[in-house]
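Dumped input-v9.tsv below, it's TSV, C-alpha atoms:
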```
chain	number	residue	atom	x	y	z
W	23	MET	CA	-48.17	111.40	230.13
W	24	SER	CA	-48.46	109.57	233.45
W	25	ALA	CA	-46.06	110.55	236.24
W	26	PRO	CA	-43.66	107.86	237.48
W	27	LEU	CA	-44.00	106.68	241.07
W	28	ASN	CA	-41.40	106.77	243.83
W	29	ASP	CA	-38.41	104.44	243.45
W	30	PRO	CA	-39.45	100.95	244.69
W	31	LEU	CA	-35.86	99.70	245.03
W	32	LYS	CA	-34.67	102.22	247.58
W	33	ASN	CA	-34.92	100.01	250.67
W	34	ILE	CA	-34.71	96.53	249.09
W	35	SER	CA	-31.65	94.33	249.73
W	36	ARG	CA	-29.68	93.29	246.65
W	37	ILE	CA	-26.31	91.71	245.99
W	38	ASP	CA	-24.28	92.29	242.83
W	39	LEU	CA	-24.20	89.05	240.83
W	40	ALA	CA	-24.85	90.05	237.22
W	41	SER	CA	-22.72	91.94	234.71
W	42	LEU	CA	-24.84	95.05	234.30
W	43	PRO	CA	-25.95	97.01	232.42
W	44	THR	CA	-26.54	94.58	229.58
W	45	PRO	CA	-26.18	96.07	226.09
W	46	VAL	CA	-29.05	97.25	223.90
W	47	TYR	CA	-28.75	97.36	220.13
W	48	LYS	CA	-30.88	97.40	217.02
W	49	LEU	CA	-31.59	94.32	214.92
W	50	ASN	CA	-31.10	96.18	211.66
W	51	ASN	CA	-32.05	93.52	209.14
W	52	LEU	CA	-35.10	92.22	211.00
W	53	SER	CA	-36.19	95.82	211.59
W	54	SER	CA	-36.05	96.51	207.85
W	55	GLU	CA	-37.95	93.33	207.09
W	56	LEU	CA	-40.71	94.05	209.62
W	57	GLY	CA	-40.97	97.81	209.11
W	58	LYS	CA	-40.40	98.42	212.83
W	59	GLU	CA	-37.53	99.51	215.02
W	60	ILE	CA	-36.67	96.26	216.81
W	61	TYR	CA	-34.00	96.39	219.49
W	62	VAL	CA	-32.74	93.59	221.73
W	63	LYS	CA	-31.60	93.89	225.33
W	64	ARG	CA	-28.94	91.23	225.78
W	65	ASP	CA	-29.76	89.80	229.17
W	66	ASP	CA	-28.16	86.59	227.92
W	67	LEU	CA	-24.92	88.48	228.64
W	68	THR	CA	-25.44	88.92	232.39
W	69	GLY	CA	-22.59	86.49	232.99
W	70	VAL	CA	-21.33	83.11	231.80
W	71	GLU	CA	-22.28	80.55	234.45
W	72	THR	CA	-25.06	82.91	235.57
W	73	SER	CA	-26.16	84.07	232.13
W	74	GLY	CA	-29.75	85.01	231.43
W	75	ASN	CA	-32.64	86.63	233.21
W	76	LYS	CA	-32.55	84.40	236.28
W	77	VAL	CA	-29.54	86.07	237.86
W	78	ARG	CA	-31.35	89.42	238.00
W	79	LYS	CA	-33.99	87.80	240.19
W	80	LEU	CA	-31.37	85.95	242.22
W	81	GLU	CA	-29.71	89.25	243.14
W	82	PHE	CA	-32.75	89.91	245.33
W	83	ALA	CA	-33.76	86.36	246.28
W	84	VAL	CA	-30.26	85.41	247.44
W	85	ALA	CA	-29.87	88.70	249.29
W	86	ASP	CA	-32.97	87.66	251.25
W	87	ALA	CA	-31.51	84.18	251.75
W	88	LEU	CA	-28.33	85.65	253.22
W	89	LYS	CA	-30.38	87.89	255.53
W	90	ASN	CA	-31.98	84.66	256.75
W	91	ASN	CA	-28.56	83.04	257.35
W	92	ALA	CA	-28.99	80.41	254.66
W	93	ASP	CA	-26.43	77.64	254.25
W	94	VAL	CA	-28.24	75.93	251.36
W	95	LEU	CA	-30.21	77.22	248.38
W	96	ILE	CA	-32.98	74.88	247.22
W	97	THR	CA	-34.82	75.45	243.96
W	98	CYS	CA	-36.52	73.58	241.12
W	99	GLY	CA	-37.01	73.42	237.36
W	100	GLY	CA	-36.78	71.26	234.28
W	101	ILE	CA	-33.72	69.15	233.56
W	102	GLN	CA	-32.32	71.95	231.36
W	103	SER	CA	-33.38	74.76	233.70
W	104	ASN	CA	-31.36	77.95	233.26
W	105	HIS	CA	-32.58	79.09	236.67
W	106	CYS	CA	-31.32	75.97	238.43
W	107	ARG	CA	-27.91	76.25	236.75
W	108	ALA	CA	-27.64	79.93	237.70
W	109	THR	CA	-28.65	79.15	241.30
W	110	ALA	CA	-25.97	76.45	241.53
W	111	ALA	CA	-23.37	78.89	240.19
W	112	VAL	CA	-24.38	81.65	242.61
W	113	ALA	CA	-24.31	79.22	245.54
W	114	ALA	CA	-20.80	78.07	244.62
W	115	ARG	CA	-19.66	81.69	244.27
W	116	LEU	CA	-20.98	82.56	247.73
W	117	GLY	CA	-19.75	79.42	249.49
W	118	LEU	CA	-23.24	77.95	249.91
W	119	LYS	CA	-24.59	74.49	249.08
W	120	SER	CA	-27.22	74.10	246.38
W	121	HIS	CA	-29.89	71.44	245.98
W	122	LEU	CA	-31.90	71.21	242.77
W	123	LEU	CA	-35.22	69.46	242.21
W	124	LEU	CA	-35.18	68.60	238.50
W	125	ARG	CA	-38.19	67.46	236.50
W	126	ILE	CA	-37.56	64.48	234.19
W	127	ASP	CA	-39.38	61.83	232.17
W	128	ASP	CA	-36.49	59.38	231.89
W	129	THR	CA	-32.91	59.19	233.12
W	130	PRO	CA	-31.33	62.16	231.31
W	131	PRO	CA	-28.02	62.33	229.46
W	132	VAL	CA	-25.45	64.50	231.23
W	133	GLU	CA	-25.43	67.50	228.88
W	134	GLY	CA	-26.29	71.20	228.69
W	135	ASN	CA	-27.40	72.85	231.90
W	136	TYR	CA	-27.60	69.51	233.72
W	137	LEU	CA	-23.90	68.94	233.03
W	138	LEU	CA	-23.13	72.41	234.42
W	139	ASP	CA	-25.25	71.70	237.52
W	140	LYS	CA	-23.05	68.70	238.25
W	141	ILE	CA	-19.82	70.56	237.55
W	142	LEU	CA	-20.95	73.29	239.97
W	143	GLY	CA	-21.48	70.72	242.73
W	144	ALA	CA	-25.24	70.88	243.15
W	145	ASP	CA	-27.02	68.07	244.96
W	146	ILE	CA	-29.79	66.85	242.67
W	147	THR	CA	-33.12	65.15	243.28
W	148	PHE	CA	-35.11	63.96	240.25
W	149	VAL	CA	-38.90	64.17	240.21
W	150	SER	CA	-41.54	63.01	237.75
W	151	ARG	CA	-43.67	65.52	235.86
W	152	PRO	CA	-46.85	64.74	237.85
W	153	ASP	CA	-45.05	65.07	241.20
W	154	TYR	CA	-43.35	68.25	240.02
W	155	SER	CA	-46.69	69.77	239.02
W	156	ASN	CA	-48.53	68.76	242.18
W	157	ARG	CA	-45.95	68.38	244.96
W	158	ARG	CA	-42.79	70.36	244.20
W	159	THR	CA	-43.20	72.78	247.10
W	160	GLU	CA	-43.90	69.91	249.49
W	161	ILE	CA	-40.85	68.00	248.21
W	162	MET	CA	-38.57	71.03	248.56
W	163	GLU	CA	-39.85	71.61	252.09
W	164	GLY	CA	-38.99	67.99	252.89
W	165	ILE	CA	-35.47	68.50	251.53
W	166	ALA	CA	-35.14	71.64	253.67
W	167	GLU	CA	-36.24	69.70	256.73
W	168	GLY	CA	-33.54	67.12	256.03
W	169	TYR	CA	-30.89	69.85	256.02
W	170	LYS	CA	-32.32	71.29	259.25
W	171	GLU	CA	-31.76	67.92	260.92
W	172	LYS	CA	-28.11	68.24	259.87
W	173	GLY	CA	-27.86	71.70	261.41
W	174	LEU	CA	-28.03	73.57	258.10
W	175	ASN	CA	-30.44	76.38	257.28
W	176	ALA	CA	-32.04	75.96	253.85
W	177	TYR	CA	-33.74	78.70	251.84
W	178	ILE	CA	-36.28	77.70	249.18
W	179	ILE	CA	-36.38	79.72	245.96
W	180	PRO	CA	-39.46	78.96	243.86
W	181	GLU	CA	-39.37	78.02	240.17
W	182	GLY	CA	-37.62	80.76	238.22
W	183	ALA	CA	-37.34	82.88	241.39
W	184	SER	CA	-40.73	84.13	240.26
W	185	ASN	CA	-42.24	85.49	243.44
W	186	GLY	CA	-42.69	88.80	245.22
W	187	ILE	CA	-38.98	89.14	245.93
W	188	GLY	CA	-37.72	87.85	242.58
W	189	ASN	CA	-39.88	90.38	240.72
W	190	PHE	CA	-37.54	93.14	241.86
W	191	GLY	CA	-34.98	91.82	239.36
W	192	TYR	CA	-36.97	93.03	236.39
W	193	ILE	CA	-38.20	96.15	238.10
W	194	ASN	CA	-34.50	96.98	238.25
W	195	ALA	CA	-34.11	95.95	234.59
W	196	VAL	CA	-36.72	98.53	233.58
W	197	LYS	CA	-34.87	101.22	235.53
W	198	GLU	CA	-31.72	100.23	233.65
W	199	ALA	CA	-33.44	100.15	230.26
W	200	VAL	CA	-35.01	103.59	230.73
W	201	SER	CA	-31.57	105.02	231.46
W	202	GLN	CA	-30.21	103.38	228.29
W	203	GLU	CA	-33.07	104.80	226.23
W	204	LYS	CA	-31.95	108.28	227.19
W	205	GLU	CA	-28.41	107.49	226.06
W	206	LEU	CA	-29.70	106.02	222.77
W	207	HIS	CA	-32.21	108.85	222.22
W	208	ILE	CA	-35.07	106.42	221.72
W	209	ASP	CA	-38.34	106.01	223.56
W	210	PHE	CA	-39.63	102.46	223.21
W	211	ASP	CA	-43.35	101.88	222.86
W	212	ALA	CA	-43.25	98.31	224.15
W	213	TYR	CA	-41.10	95.83	226.05
W	214	VAL	CA	-41.45	92.19	224.95
W	215	CYS	CA	-40.37	88.98	226.68
W	216	ALA	CA	-40.93	85.24	226.90
W	217	VAL	CA	-43.20	84.04	229.72
W	218	GLY	CA	-42.11	80.74	231.26
W	219	SER	CA	-42.51	81.11	235.01
W	220	GLY	CA	-43.90	84.64	235.08
W	221	GLY	CA	-41.31	86.63	237.01
W	222	THR	CA	-39.70	88.47	234.11
W	223	PHE	CA	-43.03	89.58	232.68
W	224	THR	CA	-44.37	90.59	236.10
W	225	GLY	CA	-41.20	92.48	236.97
W	226	LEU	CA	-41.33	94.37	233.66
W	227	LEU	CA	-44.99	95.17	234.23
W	228	LEU	CA	-44.29	96.52	237.71
W	229	GLY	CA	-41.16	98.33	236.52
W	230	THR	CA	-43.08	100.23	233.89
W	231	LYS	CA	-45.60	101.31	236.51
W	232	PHE	CA	-42.75	102.95	238.42
W	233	TYR	CA	-40.35	104.14	235.73
W	234	ALA	CA	-42.14	104.14	232.37
W	235	PRO	CA	-45.92	104.26	232.83
W	236	ASP	CA	-46.66	104.86	229.13
W	237	LYS	CA	-44.94	101.71	227.87
W	238	LYS	CA	-46.73	98.49	227.03
W	239	VAL	CA	-45.39	95.13	228.20
W	240	ILE	CA	-46.11	92.15	225.93
W	241	GLY	CA	-45.39	88.55	226.86
W	242	PHE	CA	-45.44	85.35	224.81
W	243	THR	CA	-46.16	82.11	226.65
W	244	VAL	CA	-43.75	79.19	226.20
W	245	CYS	CA	-45.79	76.91	228.48
W	246	ASP	CA	-49.25	77.00	230.07
W	247	ASP	CA	-51.44	79.92	228.93
W	248	ARG	CA	-52.40	83.54	229.51
W	249	SER	CA	-54.92	82.70	232.23
W	250	TYR	CA	-52.31	80.78	234.23
W	251	PHE	CA	-49.75	83.55	234.01
W	252	ALA	CA	-52.28	86.30	234.64
W	253	ASP	CA	-52.98	84.67	238.01
W	254	ILE	CA	-49.24	84.57	238.75
W	255	ALA	CA	-48.73	88.19	237.72
W	256	ILE	CA	-51.63	89.37	239.86
W	257	LYS	CA	-50.63	87.37	242.92
W	258	THR	CA	-46.86	87.86	242.89
W	259	GLY	CA	-47.08	91.40	241.54
W	260	ASN	CA	-49.31	92.43	244.40
W	261	ASP	CA	-47.03	90.59	246.84
W	262	THR	CA	-44.18	92.78	245.56
W	263	LEU	CA	-46.25	95.93	245.94
W	264	ASP	CA	-47.15	94.88	249.49
W	265	LEU	CA	-43.45	94.39	250.32
W	266	ILE	CA	-42.75	98.04	249.46
W	267	GLY	CA	-45.90	99.40	251.04
W	268	HIS	CA	-47.78	100.28	247.83
W	269	LYS	CA	-51.10	98.76	248.81
W	270	ASP	CA	-52.86	101.54	246.91
W	271	ILE	CA	-51.48	100.22	243.59
W	272	ARG	CA	-52.67	96.85	242.28
W	273	VAL	CA	-51.87	94.59	239.35
W	274	LYS	CA	-55.13	93.89	237.53
W	275	ASP	CA	-56.14	91.53	234.78
W	276	GLU	CA	-56.57	94.37	232.32
W	277	ASP	CA	-52.87	95.26	232.77
W	278	ILE	CA	-51.75	91.92	231.37
W	279	ASN	CA	-50.88	91.62	227.67
W	280	ILE	CA	-49.85	88.00	227.23
W	281	ILE	CA	-50.21	86.23	223.88
W	282	ASP	CA	-50.75	82.47	223.56
W	283	GLY	CA	-50.18	80.28	220.55
W	284	TYR	CA	-46.40	80.01	220.27
W	285	MET	CA	-45.66	77.22	222.74
W	286	GLY	CA	-45.64	74.75	219.85
W	287	ILE	CA	-45.83	71.07	220.78
W	288	GLY	CA	-44.75	71.61	224.38
W	289	TYR	CA	-42.41	73.26	226.85
W	290	ALA	CA	-38.77	72.79	225.86
W	291	VAL	CA	-39.85	70.70	222.83
W	292	SER	CA	-39.03	72.16	219.43
W	293	THR	CA	-40.52	71.75	215.99
W	294	ASP	CA	-38.27	71.92	212.95
W	295	ASP	CA	-39.94	75.19	211.95
W	296	GLU	CA	-39.05	76.75	215.31
W	297	LEU	CA	-35.41	75.71	214.98
W	298	LYS	CA	-35.31	77.01	211.40
W	299	PHE	CA	-36.57	80.35	212.68
W	300	ILE	CA	-33.74	80.48	215.25
W	301	ARG	CA	-31.27	79.67	212.44
W	302	ASP	CA	-32.70	82.35	210.15
W	303	ALA	CA	-32.69	85.03	212.86
W	304	ALA	CA	-29.06	84.21	213.64
W	305	ARG	CA	-28.09	84.58	209.99
W	306	LYS	CA	-29.96	87.87	209.60
W	307	ASP	CA	-28.66	89.74	212.65
W	308	GLY	CA	-26.07	87.56	214.37
W	309	VAL	CA	-28.13	86.95	217.50
W	310	ILE	CA	-28.87	83.40	218.64
W	311	PHE	CA	-32.13	82.77	220.45
W	312	ASP	CA	-32.68	79.66	222.56
W	313	PRO	CA	-35.23	76.91	221.74
W	314	VAL	CA	-37.14	77.01	225.03
W	315	TYR	CA	-37.85	80.70	225.67
W	316	THR	CA	-36.56	83.42	223.39
W	317	GLY	CA	-36.80	81.50	220.13
W	318	LYS	CA	-40.50	80.87	220.63
W	319	ALA	CA	-41.20	84.36	221.99
W	320	PHE	CA	-39.34	86.20	219.23
W	321	ARG	CA	-41.03	84.02	216.63
W	322	GLY	CA	-44.32	85.06	218.21
W	323	LEU	CA	-43.35	88.73	218.01
W	324	TYR	CA	-42.27	88.32	214.38
W	325	ASN	CA	-45.50	86.59	213.36
W	326	GLU	CA	-47.79	88.95	215.26
W	327	ILE	CA	-46.13	91.95	213.61
W	328	LYS	CA	-46.55	90.26	210.21
W	329	LYS	CA	-50.24	89.74	210.99
W	330	GLY	CA	-50.66	93.40	211.93
W	331	ASN	CA	-51.61	92.58	215.51
W	332	ILE	CA	-48.79	94.58	217.10
W	333	ARG	CA	-49.05	98.26	216.21
W	334	GLU	CA	-46.20	99.58	218.35
W	335	ASP	CA	-43.29	100.84	216.22
W	336	LYS	CA	-40.35	100.94	218.66
W	337	ILE	CA	-39.92	97.62	220.44
W	338	LEU	CA	-37.34	96.35	222.93
W	339	PHE	CA	-37.12	92.56	223.11
W	340	PHE	CA	-35.53	91.15	226.27
W	341	HIS	CA	-33.21	88.29	225.31
W	342	THR	CA	-33.39	86.32	228.54
W	343	GLY	CA	-30.71	83.74	227.70
W	344	GLY	CA	-30.72	79.97	227.42
W	345	LEU	CA	-28.01	79.26	224.84
W	346	TYR	CA	-27.06	76.02	226.62
W	347	GLY	CA	-30.51	74.69	225.78
W	348	LEU	CA	-29.52	74.43	222.12
W	349	PHE	CA	-26.86	71.79	222.70
W	350	PRO	CA	-29.18	68.93	223.75
W	351	LYS	CA	-30.96	69.49	220.41
W	352	GLN	CA	-27.87	68.94	218.29
W	353	ASP	CA	-29.24	65.83	216.63
W	354	GLN	CA	-32.42	67.64	215.54
W	355	LEU	CA	-30.42	70.70	214.51
W	356	ALA	CA	-27.84	68.78	212.50
W	357	TRP	CA	-29.79	68.62	209.26
W	358	ILE	CA	-31.36	72.07	209.70
W	359	VAL	CA	-28.15	74.06	209.93
```

Could I get this structure in the form of structure tokens?
Amino acid sequence: MSAPLNDPLKNISRIDLASLPTPVYKLNNLSSELGKEIYVKRDDLTGVETSGNKVRKLEFAVADALKNNADVLITCGGIQSNHCRATAAVAARLGLKSHLLLRIDDTPPVEGNYLLDKILGADITFVSRPDYSNRRTEIMEGIAEGYKEKGLNAYIIPEGASNGIGNFGYINAVKEAVSQEKELHIDFDAYVCAVGSGGTFTGLLLGTKFYAPDKKVIGFTVCDDRSYFADIAIKTGNDTLDLIGHKDIRVKDEDINIIDGYMGIGYAVSTDDELKFIRDAARKDGVIFDPVYTGKAFRGLYNEIKKGNIREDKILFFHTGGLYGLFPKQDQLAWIV
């Protein structure tokens, strides 16, 4: 058994934003069906306005923003971004302004996370998909410059808070999960999550290096592909290690277990079969996955176990939230449920 490394969180600034620890429990019926011990860590219960995995990352990103005397938090995502909604809620809670760069194709209906963004008082700039892909950092820097001219200090948080600082959120989640394993008298073989901007997966990967070196981390892409996210994990993971002075430890390509093939027809776009899977999982174990992240990732886990491609017996799936993403799909869901 490998020895765990020194605690990486000891000297890192963090503010308490999430309701932690989040519960862990077994999915009894799905476990029986799959012949595995499948548990879920309910990170969708980190809060209400701030629910999901994003707030764990924001505990560290916003702590850094406050150290830099920020007046405004600027971030970006899709029109139904959980991260953007959580950032707007955190900003309101702390008395800061928020400005969101939201990716759209057409003028969106005011629903789901976008509705909550507006309720929370975020300033919003819309951007096309091509400009979002190619120029989002440049656009956010321009927004920050506009605030500077008004005498306000803006702090830019990247998509999903998935950077060297944001990764600490899921390093901390591993520390929490390991403690819960001791209470539950179970030693998981693998942690599993959706991969949508890369920070949750990378944080879990780094966290296991420090607290649980014998565990495997498995990710399922919900956009882009393994190659794209491997680059993110290597870059941002090593940025995190540099921040805490562990230049002797590196994230390498061979560390990265990310499975493609479950994105479906596109990011945040659902097939009827995917929505039926979410319905069926809810009826089997009373847990509701979202259509953008956890529904696709858990469906991937389910299918890969059925195929015999995942050999690990004791699995902890991180439910990273996103319930609000179901509501804009009510028309498609109507005949399915």

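Counting all atoms listed in the file, Ile332 of chain W has the following residues at most 9 Å away, ignoring those fewer than 5 positions along the same chain: W:Leu323, W:Glu326, W:Ile327.
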
Select from segment 219-306 of chain W every residue with an atom at most 12 Å from any atom of segment 102-115 of chain W, then for each give the shortest pair of atoms and their distance in Å to one decimal, using all atoms listed in the file, rows by chain and rising number, as JSON lines.
```
{"residue": "W:Ser219", "atom": "CA", "partner": "W:His105", "partner_atom": "CA", "distance": 10.3}
{"residue": "W:Gly221", "atom": "CA", "partner": "W:His105", "partner_atom": "CA", "distance": 11.5}
{"residue": "W:Tyr289", "atom": "CA", "partner": "W:Gln102", "partner_atom": "CA", "distance": 11.1}
{"residue": "W:Ala290", "atom": "CA", "partner": "W:Gln102", "partner_atom": "CA", "distance": 8.5}
{"residue": "W:Val291", "atom": "CA", "partner": "W:Gln102", "partner_atom": "CA", "distance": 11.4}
```

Expected file: the selected residues, C-alpha atoms, as a PDB file, keeping the file's coordinate frame:
```
ATOM      1  CA  SER W 219     -42.510  81.110 235.010  1.00  0.00           C
ATOM      2  CA  GLY W 221     -41.310  86.630 237.010  1.00  0.00           C
ATOM      3  CA  TYR W 289     -42.410  73.260 226.850  1.00  0.00           C
ATOM      4  CA  ALA W 290     -38.770  72.790 225.860  1.00  0.00           C
ATOM      5  CA  VAL W 291     -39.850  70.700 222.830  1.00  0.00           C
TER       6      VAL W 291
END
```

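In this comparison, which uses only C-alpha atoms, the residue of W:Val239, W:Asp211, W:Glu181, W:Arg272 approaching Ser155 of chain W most closely is W:Glu181.
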
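Here atom CA of Ile161 of chain W is placed at a distance of 11.3 Å from atom CA of Leu124 of chain W.
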
Could you list as an mmCIF file with C-alpha atoms, keeping the file's coordinate frame every residue that has an atom within 9 Å of (-48.7, 85.5, 241.8), using the file's coordinates and counting all atoms listed in the file?
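Output below, filename part-v1.cif:
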```cif
data_model
loop_
_atom_site.group_PDB
_atom_site.id
_atom_site.type_symbol
_atom_site.label_atom_id
_atom_site.label_comp_id
_atom_site.auth_asym_id
_atom_site.auth_seq_id
_atom_site.Cartn_x
_atom_site.Cartn_y
_atom_site.Cartn_z
ATOM 1 C CA SER W 184 -40.730 84.130 240.260
ATOM 2 C CA ASN W 185 -42.240 85.490 243.440
ATOM 3 C CA GLY W 186 -42.690 88.800 245.220
ATOM 4 C CA GLY W 220 -43.900 84.640 235.080
ATOM 5 C CA GLY W 221 -41.310 86.630 237.010
ATOM 6 C CA THR W 224 -44.370 90.590 236.100
ATOM 7 C CA PHE W 251 -49.750 83.550 234.010
ATOM 8 C CA ALA W 252 -52.280 86.300 234.640
ATOM 9 C CA ASP W 253 -52.980 84.670 238.010
ATOM 10 C CA ILE W 254 -49.240 84.570 238.750
ATOM 11 C CA ALA W 255 -48.730 88.190 237.720
ATOM 12 C CA ILE W 256 -51.630 89.370 239.860
ATOM 13 C CA LYS W 257 -50.630 87.370 242.920
ATOM 14 C CA THR W 258 -46.860 87.860 242.890
ATOM 15 C CA GLY W 259 -47.080 91.400 241.540
ATOM 16 C CA ASN W 260 -49.310 92.430 244.400
ATOM 17 C CA ASP W 261 -47.030 90.590 246.840
#
```

Close residues, Lys306 of chain W itself excluded, 8 Å, all atoms listed in the file, min 4 positions apart in chain, as an mmCIF file with C-alpha atoms, in the coordinates of the input:
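selection-v9.cif was written with the following content:
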```cif
data_model
loop_
_atom_site.group_PDB
_atom_site.id
_atom_site.type_symbol
_atom_site.label_atom_id
_atom_site.label_comp_id
_atom_site.auth_asym_id
_atom_site.auth_seq_id
_atom_site.Cartn_x
_atom_site.Cartn_y
_atom_site.Cartn_z
ATOM 1 C CA ASN W 51 -32.050 93.520 209.140
ATOM 2 C CA LEU W 52 -35.100 92.220 211.000
ATOM 3 C CA ASP W 302 -32.700 82.350 210.150
#
```

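In this comparison, which uses all atoms listed in the file, the residue of W:Ala183, W:Leu67, W:Ile101, W:Leu42 approaching Gly347 of chain W most closely is W:Ile101.
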
Worksheet, complete the sentence: Correct to one decimal, the distance atom CA of Phe148 of chain W-atom CA of Thr342 of chain W is 25.3 Å
